[in-house]
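**Q** Below is the file protein_8.txt, which contains compact mmCIF, C-alpha atoms.
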```txt
# COMPACT_ATOMS: atom_id res chain seq x y z
CA MET A 1 -33.36 1.75 16.52
CA ASP A 2 -36.04 1.26 13.87
CA GLU A 3 -35.68 -1.04 10.89
CA GLN A 4 -35.00 1.62 8.29
CA GLN A 5 -32.18 3.10 10.39
CA LEU A 6 -30.63 -0.31 10.90
CA LEU A 7 -30.76 -1.04 7.18
CA ASP A 8 -29.12 2.28 6.31
CA LEU A 9 -26.51 1.85 8.99
CA ALA A 10 -25.48 -1.67 8.00
CA GLY A 11 -25.41 -0.63 4.35
CA ASP A 12 -23.26 2.40 5.04
CA VAL A 13 -20.74 0.51 7.15
CA GLY A 14 -20.46 -2.12 4.41
CA PHE A 15 -20.16 0.57 1.76
CA ALA A 16 -17.35 2.36 3.58
CA LEU A 17 -15.56 -0.94 4.20
CA LEU A 18 -15.76 -2.09 0.56
CA LYS A 19 -14.80 1.34 -0.73
CA SER A 20 -11.64 1.35 1.42
CA GLY A 21 -10.53 -2.00 0.05
CA GLY A 22 -11.97 -4.42 2.61
CA GLU A 23 -12.25 -8.03 1.45
CA ILE A 24 -15.58 -9.44 0.33
CA TYR A 25 -15.94 -11.85 3.24
CA ARG A 26 -15.09 -9.09 5.72
CA VAL A 27 -17.82 -6.84 4.34
CA GLU A 28 -20.44 -9.61 4.29
CA GLU A 29 -19.57 -10.78 7.77
CA SER A 30 -19.52 -7.27 9.24
CA ILE A 31 -22.99 -6.54 7.87
CA ARG A 32 -24.33 -9.86 9.12
CA ARG A 33 -22.92 -9.22 12.58
CA ILE A 34 -24.38 -5.74 12.78
CA PHE A 35 -27.81 -7.19 11.99
CA LEU A 36 -27.31 -9.85 14.64
CA ALA A 37 -26.18 -7.28 17.21
CA TYR A 38 -29.43 -5.36 16.78
CA GLY A 39 -31.51 -8.51 16.95
CA GLN A 40 -32.32 -9.16 13.29
CA ASP A 41 -31.24 -12.78 13.00
CA SER A 42 -32.37 -13.14 9.39
CA GLY A 43 -30.14 -10.31 8.19
CA ASP A 44 -27.78 -11.07 5.35
CA ALA A 45 -25.70 -9.42 2.68
CA PHE A 46 -24.56 -10.13 -0.85
CA VAL A 47 -21.40 -8.34 -1.87
CA ILE A 48 -19.43 -8.19 -5.10
CA PRO A 49 -16.79 -5.54 -5.84
CA SER A 50 -19.29 -3.13 -7.40
CA VAL A 51 -22.53 -3.81 -5.50
CA ILE A 52 -23.72 -4.38 -1.94
CA ILE A 53 -27.20 -5.79 -1.26
CA VAL A 54 -28.32 -5.85 2.37
CA SER A 55 -31.59 -7.37 3.46
CA PHE A 56 -33.46 -8.68 6.47
CA THR A 57 -36.95 -9.78 7.43
CA THR A 58 -38.48 -8.69 10.74
CA PRO A 59 -40.11 -11.27 13.04
CA GLN A 60 -43.42 -9.76 11.91
CA GLY A 61 -42.62 -10.83 8.35
CA ARG A 62 -41.81 -7.47 6.80
CA SER A 63 -38.75 -7.41 4.52
CA TYR A 64 -36.28 -4.58 4.19
CA THR A 65 -33.77 -4.52 1.37
CA LYS A 66 -31.32 -1.97 0.08
CA MET A 67 -28.84 -1.95 -2.77
CA LEU A 68 -25.70 0.21 -2.84
CA ARG A 69 -23.61 0.72 -5.93
CA VAL A 70 -19.88 1.05 -5.23
CA ARG A 71 -17.70 2.90 -7.70
CA GLY A 72 -13.97 3.37 -7.55
CA GLN A 73 -12.33 1.34 -4.83
CA THR A 74 -9.12 2.47 -3.19
CA VAL A 75 -6.92 0.75 -0.65
CA ASP A 76 -6.97 2.64 2.64
CA LEU A 77 -5.90 0.28 5.38
CA GLU A 78 -6.28 2.83 8.17
CA ARG A 79 -9.99 3.12 7.36
CA VAL A 80 -10.41 -0.65 7.07
CA GLU A 81 -8.86 -1.05 10.48
CA ARG A 82 -11.06 1.60 12.11
CA LEU A 83 -14.23 0.29 10.48
CA ASN A 84 -13.30 -3.18 11.66
CA SER A 85 -12.93 -2.03 15.25
CA LEU A 86 -16.19 -0.06 14.95
CA CYS A 87 -17.94 -3.31 13.95
CA ARG A 88 -16.41 -5.11 16.90
CA LYS A 89 -17.59 -2.38 19.22
CA ILE A 90 -21.12 -2.59 17.83
CA CYS A 91 -21.15 -6.36 18.30
CA LEU A 92 -20.06 -6.10 21.92
CA HIS A 93 -22.32 -3.19 22.91
CA PRO A 94 -24.96 -2.18 20.35
CA MET A 95 -24.72 1.62 20.29
CA GLU A 96 -27.29 4.29 19.49
CA PRO A 97 -27.52 4.95 15.74
CA GLU A 98 -26.41 8.56 16.23
CA ALA A 99 -23.23 7.38 17.95
CA VAL A 100 -22.46 5.00 15.09
CA ARG A 101 -23.13 7.78 12.55
CA ARG A 102 -20.69 10.03 14.37
CA GLU A 103 -18.01 7.33 14.33
CA LEU A 104 -18.64 6.68 10.63
CA GLU A 105 -18.20 10.37 9.90
CA SER A 106 -14.96 10.56 11.82
CA ILE A 107 -13.69 7.52 9.89
CA GLU A 108 -14.76 9.20 6.66
CA GLY A 109 -12.55 12.13 7.68
CA VAL A 110 -9.40 10.03 8.16
CA SER A 111 -6.73 11.92 6.28
CA ARG A 112 -4.59 10.43 3.55
CA TYR A 113 -0.93 11.14 3.08
CA GLY A 114 -0.39 14.34 1.09
CA TYR A 115 0.56 14.51 -2.58
CA HIS A 116 4.26 14.92 -1.84
CA TRP A 117 4.30 11.93 0.48
CA ARG A 118 2.67 9.78 -2.17
CA MET A 119 5.12 10.99 -4.81
CA ALA A 120 7.98 10.11 -2.51
CA ALA A 121 6.42 6.69 -1.88
CA TYR A 122 6.08 5.91 -5.60
CA ALA A 123 9.68 6.96 -6.18
CA MET A 124 10.83 4.90 -3.21
CA VAL A 125 9.00 1.78 -4.41
CA ALA A 126 10.47 2.07 -7.90
CA PHE A 127 13.95 2.85 -6.59
CA PHE A 128 14.20 -0.11 -4.24
CA PHE A 129 12.50 -2.65 -6.48
CA THR A 130 15.00 -1.85 -9.22
CA LEU A 131 17.80 -2.47 -6.73
CA LEU A 132 16.06 -5.66 -5.61
CA PHE A 133 15.91 -6.89 -9.21
CA ALA A 134 19.68 -6.45 -9.54
CA GLY A 135 19.66 -2.99 -11.12
CA THR A 136 22.65 -0.68 -10.70
CA ALA A 137 22.53 2.55 -8.68
CA GLY A 138 22.02 4.50 -11.92
CA ASP A 139 19.12 2.22 -12.87
CA ALA A 140 17.57 2.82 -9.47
CA VAL A 141 17.78 6.60 -9.79
CA ALA A 142 16.20 6.42 -13.25
CA ALA A 143 13.45 4.17 -11.87
CA GLY A 144 12.86 6.63 -9.03
CA LEU A 145 12.27 9.37 -11.59
CA CYS A 146 9.90 7.02 -13.46
CA GLY A 147 8.09 6.47 -10.16
CA LEU A 148 7.63 10.22 -9.71
CA ALA A 149 6.24 10.52 -13.22
CA THR A 150 3.92 7.54 -12.60
CA CYS A 151 2.50 9.19 -9.51
CA ILE A 152 1.92 12.51 -11.25
CA ALA A 153 0.35 10.84 -14.29
CA CYS A 154 -1.96 8.59 -12.23
CA GLU A 155 -3.11 11.35 -9.90
CA GLN A 156 -3.77 13.79 -12.71
CA MET A 157 -5.75 11.27 -14.75
CA ASN A 158 -7.69 10.04 -11.72
CA ARG A 159 -8.75 13.62 -11.08
CA PHE A 160 -10.70 13.45 -14.32
CA HIS A 161 -12.11 9.97 -13.53
CA THR A 162 -10.30 8.30 -16.41
CA ASN A 163 -10.88 4.54 -16.54
CA SER A 164 -8.19 2.39 -15.00
CA PHE A 165 -7.30 0.58 -18.24
CA PHE A 166 -6.32 3.85 -19.88
CA VAL A 167 -4.53 5.17 -16.79
CA ASN A 168 -2.38 2.05 -16.56
CA THR A 169 -1.61 2.00 -20.27
CA ILE A 170 -0.47 5.62 -20.29
CA ALA A 171 1.47 5.30 -17.03
CA SER A 172 3.33 2.22 -18.20
CA ALA A 173 4.05 3.84 -21.58
CA ILE A 174 5.53 6.83 -19.75
CA ILE A 175 7.68 4.47 -17.66
CA ALA A 176 8.97 2.62 -20.71
CA ALA A 177 9.71 5.84 -22.59
CA MET A 178 11.53 7.36 -19.63
CA ALA A 179 13.50 4.16 -19.04
CA LEU A 180 14.67 4.03 -22.66
CA GLY A 181 15.51 7.72 -22.49
CA ALA A 182 17.48 7.28 -19.27
CA VAL A 183 19.51 4.41 -20.72
CA ASN A 184 20.23 6.40 -23.89
CA LEU A 185 21.37 9.38 -21.83
CA GLY A 186 23.65 7.07 -19.89
CA LEU A 187 21.87 7.37 -16.54
CA GLY A 188 21.03 3.68 -16.30
CA SER A 189 22.32 0.61 -18.07
CA HIS A 190 19.45 -1.92 -17.98
CA TYR A 191 16.20 -0.50 -19.32
CA ASP A 192 14.32 -3.74 -18.53
CA ARG A 193 15.21 -3.60 -14.84
CA ILE A 194 14.22 0.05 -14.64
CA ILE A 195 10.86 -0.74 -16.24
CA ILE A 196 10.16 -3.75 -14.00
CA GLY A 197 11.05 -1.81 -10.86
CA ALA A 198 8.91 1.17 -11.79
CA LEU A 199 6.03 -1.06 -12.94
CA MET A 200 5.72 -2.52 -9.44
CA ASN A 201 3.74 0.64 -8.60
CA LEU A 202 1.08 -0.36 -11.12
CA VAL A 203 1.03 -4.15 -10.84
CA PRO A 204 -2.31 -5.31 -9.42
CA GLY A 205 -0.76 -7.27 -6.56
CA VAL A 206 -3.71 -6.86 -4.26
CA MET A 207 -6.17 -8.06 -6.87
CA ILE A 208 -4.06 -10.99 -8.03
CA THR A 209 -3.81 -12.36 -4.52
CA ASN A 210 -7.39 -11.59 -3.55
CA PHE A 211 -9.21 -13.10 -6.48
CA MET A 212 -8.08 -16.63 -5.83
CA ARG A 213 -8.81 -16.30 -2.13
CA ASP A 214 -12.33 -15.21 -2.99
CA ILE A 215 -12.81 -18.07 -5.43
CA ILE A 216 -11.56 -20.73 -3.05
CA ALA A 217 -13.52 -19.20 -0.17
CA GLY A 218 -16.68 -19.63 -2.25
CA ASP A 219 -17.27 -16.05 -3.44
CA LEU A 220 -17.08 -17.17 -7.05
CA LEU A 221 -18.69 -14.15 -8.64
CA ALA A 222 -16.54 -11.66 -6.75
CA GLY A 223 -13.45 -13.72 -7.58
CA LEU A 224 -14.24 -13.80 -11.30
CA ILE A 225 -14.79 -10.05 -11.35
CA LYS A 226 -11.44 -9.45 -9.68
CA LEU A 227 -9.73 -11.95 -11.98
CA THR A 228 -11.06 -10.08 -14.99
CA GLU A 229 -10.01 -6.79 -13.49
CA SER A 230 -6.49 -7.94 -12.68
CA LEU A 231 -6.02 -9.50 -16.13
CA LEU A 232 -7.23 -6.25 -17.65
CA VAL A 233 -4.81 -4.18 -15.59
CA ALA A 234 -1.94 -6.56 -16.40
CA THR A 235 -2.82 -6.33 -20.09
CA ALA A 236 -2.96 -2.55 -19.88
CA ILE A 237 0.47 -2.42 -18.27
CA ALA A 238 1.94 -4.78 -20.87
CA LEU A 239 0.28 -2.86 -23.69
CA GLY A 240 1.62 0.54 -22.64
CA ALA A 241 5.21 -0.61 -22.23
CA GLY A 242 4.87 -2.85 -25.30
CA ILE A 243 3.83 -0.03 -27.60
CA ILE A 244 6.78 2.13 -26.59
CA LEU A 245 9.33 -0.69 -26.78
CA THR A 246 8.08 -1.80 -30.21
CA ALA A 247 8.07 1.75 -31.51
CA ALA A 248 11.58 2.35 -30.20
CA ARG A 249 12.84 -0.83 -31.83
CA LEU A 250 11.18 -0.27 -35.17
CA LEU A 251 11.72 3.48 -35.53
CA TRP A 252 15.06 4.12 -33.87
CA GLY A 253 16.47 0.66 -33.48
CA ILE A 254 17.09 1.00 -29.76
CA GLY A 255 16.12 -1.24 -26.86
CA MET B 1 26.23 -13.08 2.28
CA LEU B 2 25.85 -9.33 2.68
CA THR B 3 25.22 -8.49 -0.96
CA ASN B 4 23.35 -11.65 -1.83
CA PHE B 5 21.15 -11.94 1.21
CA TRP B 6 20.95 -8.98 3.59
CA LEU B 7 20.95 -6.20 1.00
CA PRO B 8 18.03 -7.60 -1.05
CA CYS B 9 16.04 -8.11 2.16
CA PHE B 10 16.78 -4.53 3.11
CA TYR B 11 15.62 -3.32 -0.33
CA ALA B 12 12.43 -5.36 -0.05
CA THR B 13 11.75 -3.82 3.37
CA LEU B 14 12.15 -0.27 2.09
CA ALA B 15 10.07 -0.95 -1.03
CA SER B 16 7.31 -2.25 1.26
CA THR B 17 7.60 0.94 3.32
CA GLY B 18 6.67 2.87 0.19
CA PHE B 19 3.55 0.76 -0.14
CA CYS B 20 2.60 1.48 3.48
CA ILE B 21 2.27 5.12 2.47
CA ILE B 22 0.38 4.29 -0.74
CA PHE B 23 -2.03 2.07 1.22
CA ASN B 24 -2.39 4.76 3.92
CA ILE B 25 -1.13 3.03 7.04
CA ARG B 26 -0.74 5.91 9.43
CA ARG B 27 0.82 4.60 12.61
CA PRO B 28 4.64 4.46 12.57
CA LYS B 29 4.84 1.23 14.56
CA ARG B 30 2.60 -0.58 12.10
CA ILE B 31 4.48 0.83 9.14
CA PHE B 32 7.65 -0.58 10.63
CA PHE B 33 6.27 -4.06 11.21
CA ALA B 34 4.36 -4.24 7.94
CA ALA B 35 7.49 -3.27 6.02
CA LEU B 36 9.55 -5.72 8.03
CA GLY B 37 7.19 -8.42 6.75
CA GLY B 38 8.28 -7.57 3.21
CA GLY B 39 11.89 -8.13 4.19
CA LEU B 40 10.99 -11.37 5.93
CA ALA B 41 9.13 -12.61 2.85
CA TRP B 42 12.14 -11.95 0.68
CA ALA B 43 14.48 -13.59 3.20
CA VAL B 44 12.42 -16.79 3.17
CA TYR B 45 12.23 -16.61 -0.62
CA LEU B 46 16.03 -16.50 -0.80
CA LEU B 47 16.53 -19.17 1.86
CA ALA B 48 14.22 -21.57 -0.02
CA ALA B 49 16.31 -21.21 -3.20
CA PRO B 50 18.24 -24.51 -2.75
CA VAL B 51 15.01 -26.44 -3.35
CA GLY B 52 15.32 -25.44 -7.00
CA SER B 53 11.72 -24.55 -7.79
CA ASP B 54 10.77 -20.90 -7.75
CA LEU B 55 7.09 -21.74 -7.30
CA PHE B 56 8.06 -23.44 -4.05
CA GLN B 57 10.12 -20.39 -3.08
CA TYR B 58 7.10 -18.13 -3.52
CA PHE B 59 4.91 -20.62 -1.68
CA ALA B 60 7.26 -20.92 1.30
CA ALA B 61 7.68 -17.14 1.49
CA THR B 62 3.91 -16.63 1.47
CA ILE B 63 3.36 -19.22 4.19
CA ALA B 64 5.96 -17.57 6.44
CA LEU B 65 4.56 -14.15 5.67
CA SER B 66 0.95 -15.13 6.38
CA MET B 67 1.93 -16.59 9.73
CA TYR B 68 3.83 -13.41 10.53
CA ALA B 69 0.79 -11.33 9.55
CA GLU B 70 -1.52 -13.41 11.75
CA VAL B 71 0.80 -13.02 14.73
CA MET B 72 1.11 -9.27 14.16
CA ALA B 73 -2.67 -9.00 13.83
CA ARG B 74 -3.04 -10.59 17.27
CA ILE B 75 -0.42 -8.26 18.77
CA PHE B 76 -1.80 -5.05 17.23
CA LYS B 77 -5.45 -6.18 17.36
CA CYS B 78 -6.18 -5.30 13.75
CA PRO B 79 -6.93 -7.23 10.53
CA ALA B 80 -4.09 -9.44 9.29
CA THR B 81 -4.66 -8.00 5.82
CA GLU B 82 -3.00 -4.80 6.88
CA PHE B 83 0.35 -6.58 7.16
CA LEU B 84 -0.30 -9.10 4.42
CA LEU B 85 -1.10 -6.72 1.56
CA VAL B 86 1.97 -4.56 2.13
CA ALA B 87 4.45 -7.35 2.76
CA LEU B 88 3.25 -9.45 -0.16
CA ILE B 89 4.11 -6.80 -2.74
CA PRO B 90 7.78 -7.85 -3.21
CA LEU B 91 6.55 -11.33 -4.19
CA VAL B 92 4.07 -10.13 -6.80
CA PRO B 93 5.35 -11.22 -10.24
CA GLY B 94 5.91 -7.82 -11.85
CA GLY B 95 8.90 -9.20 -13.71
CA GLY B 96 6.76 -12.06 -15.01
CA ILE B 97 4.24 -9.65 -16.51
CA TYR B 98 7.03 -7.66 -18.13
CA HIS B 99 8.80 -10.67 -19.63
CA THR B 100 5.49 -12.09 -20.88
CA MET B 101 4.87 -8.81 -22.67
CA GLU B 102 8.37 -8.77 -24.08
CA TYR B 103 8.09 -12.27 -25.58
CA CYS B 104 4.73 -11.26 -26.97
CA ILE B 105 6.10 -8.26 -28.87
CA GLN B 106 9.08 -10.29 -30.05
CA GLY B 107 6.61 -12.74 -31.56
CA ASP B 108 8.03 -15.69 -29.61
CA THR B 109 4.70 -17.39 -29.00
CA SER B 110 5.89 -20.47 -27.13
CA ALA B 111 8.05 -18.45 -24.72
CA PHE B 112 5.18 -16.00 -24.34
CA LEU B 113 2.74 -18.76 -23.35
CA GLU B 114 5.25 -20.42 -21.08
CA THR B 115 6.11 -17.22 -19.22
CA GLY B 116 2.47 -16.18 -19.03
CA LEU B 117 1.42 -19.50 -17.51
CA HIS B 118 4.38 -19.43 -15.17
CA THR B 119 3.36 -15.95 -13.98
CA LEU B 120 -0.15 -17.23 -13.31
CA GLY B 121 1.41 -20.13 -11.43
CA ILE B 122 3.29 -17.71 -9.19
CA ALA B 123 0.08 -15.82 -8.48
CA ALA B 124 -1.59 -19.13 -7.66
CA SER B 125 1.12 -20.21 -5.25
CA LEU B 126 0.83 -16.86 -3.45
CA ALA B 127 -2.91 -17.29 -3.14
CA VAL B 128 -2.71 -20.89 -1.96
CA GLY B 129 -0.10 -19.97 0.64
CA ILE B 130 -2.25 -17.20 2.10
CA LEU B 131 -5.33 -19.37 1.98
CA LEU B 132 -3.76 -22.32 3.77
CA VAL B 133 -2.65 -20.23 6.71
CA SER B 134 -5.79 -18.13 7.03
CA SER B 135 -8.03 -21.22 6.78
CA ALA B 136 -5.97 -23.01 9.42
CA VAL B 137 -6.23 -20.01 11.75
CA ARG B 138 -9.98 -19.79 11.23
CA LEU B 139 -10.39 -23.50 11.85
CA TYR B 140 -8.40 -23.20 15.06
CA GLN B 141 -10.52 -20.30 16.26
CA THR B 142 -13.78 -22.05 15.45
CA VAL B 143 -12.69 -25.18 17.28
CA LYS B 144 -11.67 -23.08 20.27
CA VAL B 145 -15.02 -21.29 20.39
CA MET B 146 -16.97 -24.55 20.05
CA LYS B 147 -15.02 -26.22 22.83
CA ARG B 148 -15.75 -23.36 25.17
CA ARG B 149 -19.52 -23.87 24.79
```
Could you express the structure from this file as structure tokens?

**A**
Amino acid sequence: MDEQQLLDLAGDVGFALLKSGGEIYRVEESIRRIFLAYGQDSGDAFVIPSVIIVSFTTPQGRSYTKMLRVRGQTVDLERVERLNSLCRKICLHPMEPEAVRRELESIEGVSRYGYHWRMAAYAMVAFFFTLLFAGTAGDAVAAGLCGLATCIACEQMNRFHTNSFFVNTIASAIIAAMALGAVNLGLGSHYDRIIIGALMNLVPGVMITNFMRDIIAGDLLAGLIKLTESLLVATAIALGAGIILTAARLLWGIG
Amino acid sequence: MLTNFWLPCFYATLASTGFCIIFNIRRPKRIFFAALGGGLAWAVYLLAAPVGSDLFQYFAATIALSMYAEVMARIFKCPATEFLLVALIPLVPGGGIYHTMEYCIQGDTSAFLETGLHTLGIAASLAVGILLVSSAVRLYQTVKVMKRR
């Protein structure tokens, strides 16, 4: 394999891994190992949530560097797992670049659960978290409906590439409004428990836990970016629900 | 015992199952064990209640959960993250964020700050728990590899 192909390959594997929600250290290490497997000992990578830089210098002293911009991460654990095993395979037996390309393409084609499955999952999460936080059966049903609405709202807005701050604000406002409505109609009895349960769909749990791991592991820049992101998302969630609750209290005296 | 312990653990398991679908875990066996981790985390959280500090409860639950995830990762030969991310969700302080917001709009600044900092503290104890276990596992592996040479 020539140098340009190796550079592209390592970059693309890292890109796919980061895009599917792989951790920073996993992406950096995978790229480094791919370089090692093909005999470029000087190969290294610098990864933050939005950018990947891969680079190596050949024994003849020629440097190759590439930068990839990553936009819009999702969490897709099936892809992370397959990419991880692809990296392992490469490390054990360096394959032909065409074979790796083919594997990458098949990983790219890994299907996601359909819209209805995801709607059901959102509803399920909201339903059971409300029960977990001591809500009544009525609360849980109301939260399940909020979960459905959250899924529809998020998916529709993501189709138009709306920024995540706005998506979370709107989604959490919808949840709060529906929860207040459900309590007023007599479906549930604790609007706060309904809101908390339904909000668990939006809470940046992955980011909150990852940023401190990154910071302590030494990826300070990546950790700070994720900290900012998770604070922003948490603020957005609080803002959306806050606006609705304040409005309801001031205008109609409920809640 | 049933309503105070087993039912909440059951709810946590099913809520985690929802997240398996959102995070696109496709194999039924893994969905089952990842979700079971959520139930386990909540069980440890509840069992640690007599200590009297909820930060410790979260910490203990995360330690147990991370060990579970590492074991599962060895069994299924896949990244531990797959089990960790899903099963950690019940411990994420969604309630903390909500209550912080509520104190904020009520104008109760001291309660707002207190709850906000407490929520951050919960997040920190989750992170430290994960980190301790994963660092220990890495250390163990490195030592093992070096001894073999």

**Q** Residues of chain A within 8 Å of chain B, counting only C-alpha atoms, what are they? List them as a ChimeraX atom specification.

**A** /A:75-78,81,84-85,112-113,117-118,120-122,124-129,131-132,196-197,199-200,203,205-206,208-210,212-213,234,238-239,242,246

**Q** Counting all atoms listed in the file, which of B:Ile122, B:Val137, B:Leu117, B:Leu47 gets nearest to Ala73 in chain B?

**A**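 Under the stated criterion, the closest residue is B:Val137.
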
**Q** Could you pull the residues within 6 Å of Ala61 in chain B, counting only C-alpha atoms, minus those fewer than 5 positions along the same chain, as an MDAnalysis selection string?

**A** chainID B and resid 41 44:45

**Q** I'd like the neighbourhood of Lys89 in chain A as a PyMOL selection string, where a residue qualifies if any of its atoms comes within 12 Å (using only C-alpha atoms), though same-chain residues fewer than 2 positions away should be ignored.

**A** chain A and resi 30+33-34+37+82-87+91-96+99-100+103

**Q** So, with only C-alpha atoms as the atoms that count, which of A:Ser111, A:Ser164, A:Thr74, A:Thr65 lies closest to Ile52 in chain A?

**A**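 Among A:Ser111, A:Ser164, A:Thr74, A:Thr65, it is A:Thr65 that comes nearest to Ile52 in chain A.
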
**Q** Quick one, how far is CA of Thr136 in chain A from CA of Val183 in chain A?

**A**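 Separating CA of Thr136 in chain A from CA of Val183 in chain A is a distance of 11.7 Å.
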
**Q** Tell me, as a ChimeraX atom specification, which residues lie within 12 Å of Cys146 in chain A, counting only C-alpha atoms; anything in the same chain fewer than 3 positions away does not count.

**A** /A:119-120,122-127,130,139-143,149-153,171-182,188,191,193-202

**Q** Using Å and a single decimal, report how far CA of Val80 in chain A sits from CA of Arg26 in chain A.

**A**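 Atom-to-atom, CA of Arg26 in chain A to CA of Val80 in chain A, that is 9.7 Å.
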
**Q** Point out the residue among B:Leu40, B:Ala48, B:Met1, B:Ala35 with the least atom-to-atom distance to Ala64 in chain B, counting only C-alpha atoms.

**A**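 Closest candidate: B:Leu40.
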
**Q** Can you work out the spacing between CA of Lys144 in chain B and CA of Ala45 in chain A in Å, to one decimal?

**A**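 Separation between CA of Lys144 in chain B and CA of Ala45 in chain A: 26.3 Å.
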
**Q** Pull C-alpha atoms for range 75-136 of chain B from the block and write them as a PDB file, in the first residue's frame.

**A**
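Writing the result to part_34.pdb gives the following:
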```
ATOM      1  CA  ILE B  75     -17.154 -12.317  27.280  1.00  0.00           C
ATOM      2  CA  PHE B  76     -18.588 -10.687  24.150  1.00  0.00           C
ATOM      3  CA  LYS B  77     -15.205  -9.487  22.832  1.00  0.00           C
ATOM      4  CA  CYS B  78     -16.349  -5.930  22.219  1.00  0.00           C
ATOM      5  CA  PRO B  79     -15.643  -2.493  23.751  1.00  0.00           C
ATOM      6  CA  ALA B  80     -16.762  -2.097  27.369  1.00  0.00           C
ATOM      7  CA  THR B  81     -18.315   1.227  26.387  1.00  0.00           C
ATOM      8  CA  GLU B  82     -21.147  -0.602  24.705  1.00  0.00           C
ATOM      9  CA  PHE B  83     -22.402  -1.834  28.076  1.00  0.00           C
ATOM     10  CA  LEU B  84     -21.264   1.175  30.057  1.00  0.00           C
ATOM     11  CA  LEU B  85     -23.039   3.916  28.115  1.00  0.00           C
ATOM     12  CA  VAL B  86     -26.401   2.167  28.168  1.00  0.00           C
ATOM     13  CA  ALA B  87     -26.314   0.982  31.763  1.00  0.00           C
ATOM     14  CA  LEU B  88     -25.081   4.308  33.115  1.00  0.00           C
ATOM     15  CA  ILE B  89     -28.135   6.210  31.912  1.00  0.00           C
ATOM     16  CA  PRO B  90     -30.311   5.502  35.005  1.00  0.00           C
ATOM     17  CA  LEU B  91     -27.609   7.135  37.149  1.00  0.00           C
ATOM     18  CA  VAL B  92     -27.363  10.313  35.093  1.00  0.00           C
ATOM     19  CA  PRO B  93     -28.712  13.207  37.204  1.00  0.00           C
ATOM     20  CA  GLY B  94     -31.701  14.231  35.091  1.00  0.00           C
ATOM     21  CA  GLY B  95     -33.624  15.097  38.230  1.00  0.00           C
ATOM     22  CA  GLY B  96     -30.734  17.275  39.386  1.00  0.00           C
ATOM     23  CA  ILE B  97     -30.845  19.322  36.196  1.00  0.00           C
ATOM     24  CA  TYR B  98     -34.595  19.735  36.530  1.00  0.00           C
ATOM     25  CA  HIS B  99     -34.523  20.807  40.173  1.00  0.00           C
ATOM     26  CA  THR B 100     -31.648  23.209  39.488  1.00  0.00           C
ATOM     27  CA  MET B 101     -33.765  24.814  36.791  1.00  0.00           C
ATOM     28  CA  GLU B 102     -36.780  24.955  39.054  1.00  0.00           C
ATOM     29  CA  TYR B 103     -34.921  26.756  41.857  1.00  0.00           C
ATOM     30  CA  CYS B 104     -33.528  29.109  39.250  1.00  0.00           C
ATOM     31  CA  ILE B 105     -36.948  30.179  37.976  1.00  0.00           C
ATOM     32  CA  GLN B 106     -38.258  30.453  41.528  1.00  0.00           C
ATOM     33  CA  GLY B 107     -35.440  32.908  42.192  1.00  0.00           C
ATOM     34  CA  ASP B 108     -34.062  30.856  45.089  1.00  0.00           C
ATOM     35  CA  THR B 109     -30.414  31.549  44.355  1.00  0.00           C
ATOM     36  CA  SER B 110     -28.811  29.652  47.225  1.00  0.00           C
ATOM     37  CA  ALA B 111     -30.853  26.493  46.584  1.00  0.00           C
ATOM     38  CA  PHE B 112     -30.136  26.899  42.877  1.00  0.00           C
ATOM     39  CA  LEU B 113     -26.366  27.024  43.453  1.00  0.00           C
ATOM     40  CA  GLU B 114     -26.470  24.194  45.942  1.00  0.00           C
ATOM     41  CA  THR B 115     -28.453  21.881  43.670  1.00  0.00           C
ATOM     42  CA  GLY B 116     -26.378  22.837  40.645  1.00  0.00           C
ATOM     43  CA  LEU B 117     -23.114  22.050  42.416  1.00  0.00           C
ATOM     44  CA  HIS B 118     -24.564  18.851  43.801  1.00  0.00           C
ATOM     45  CA  THR B 119     -25.573  17.785  40.273  1.00  0.00           C
ATOM     46  CA  LEU B 120     -22.023  18.449  39.093  1.00  0.00           C
ATOM     47  CA  GLY B 121     -20.796  16.407  42.045  1.00  0.00           C
ATOM     48  CA  ILE B 122     -22.934  13.464  40.939  1.00  0.00           C
ATOM     49  CA  ALA B 123     -21.521  13.718  37.425  1.00  0.00           C
ATOM     50  CA  ALA B 124     -18.033  13.797  38.914  1.00  0.00           C
ATOM     51  CA  SER B 125     -18.581  10.715  41.046  1.00  0.00           C
ATOM     52  CA  LEU B 126     -19.847   8.836  37.979  1.00  0.00           C
ATOM     53  CA  ALA B 127     -16.762   9.838  36.031  1.00  0.00           C
ATOM     54  CA  VAL B 128     -14.343   8.976  38.828  1.00  0.00           C
ATOM     55  CA  GLY B 129     -15.985   5.576  39.291  1.00  0.00           C
ATOM     56  CA  ILE B 130     -15.642   4.698  35.612  1.00  0.00           C
ATOM     57  CA  LEU B 131     -12.118   6.027  35.492  1.00  0.00           C
ATOM     58  CA  LEU B 132     -10.893   4.079  38.509  1.00  0.00           C
ATOM     59  CA  VAL B 133     -12.054   0.763  37.104  1.00  0.00           C
ATOM     60  CA  SER B 134     -10.942   1.338  33.518  1.00  0.00           C
ATOM     61  CA  SER B 135      -7.512   2.593  34.656  1.00  0.00           C
ATOM     62  CA  ALA B 136      -7.082  -0.422  36.920  1.00  0.00           C
TER      63      ALA B 136
END
```
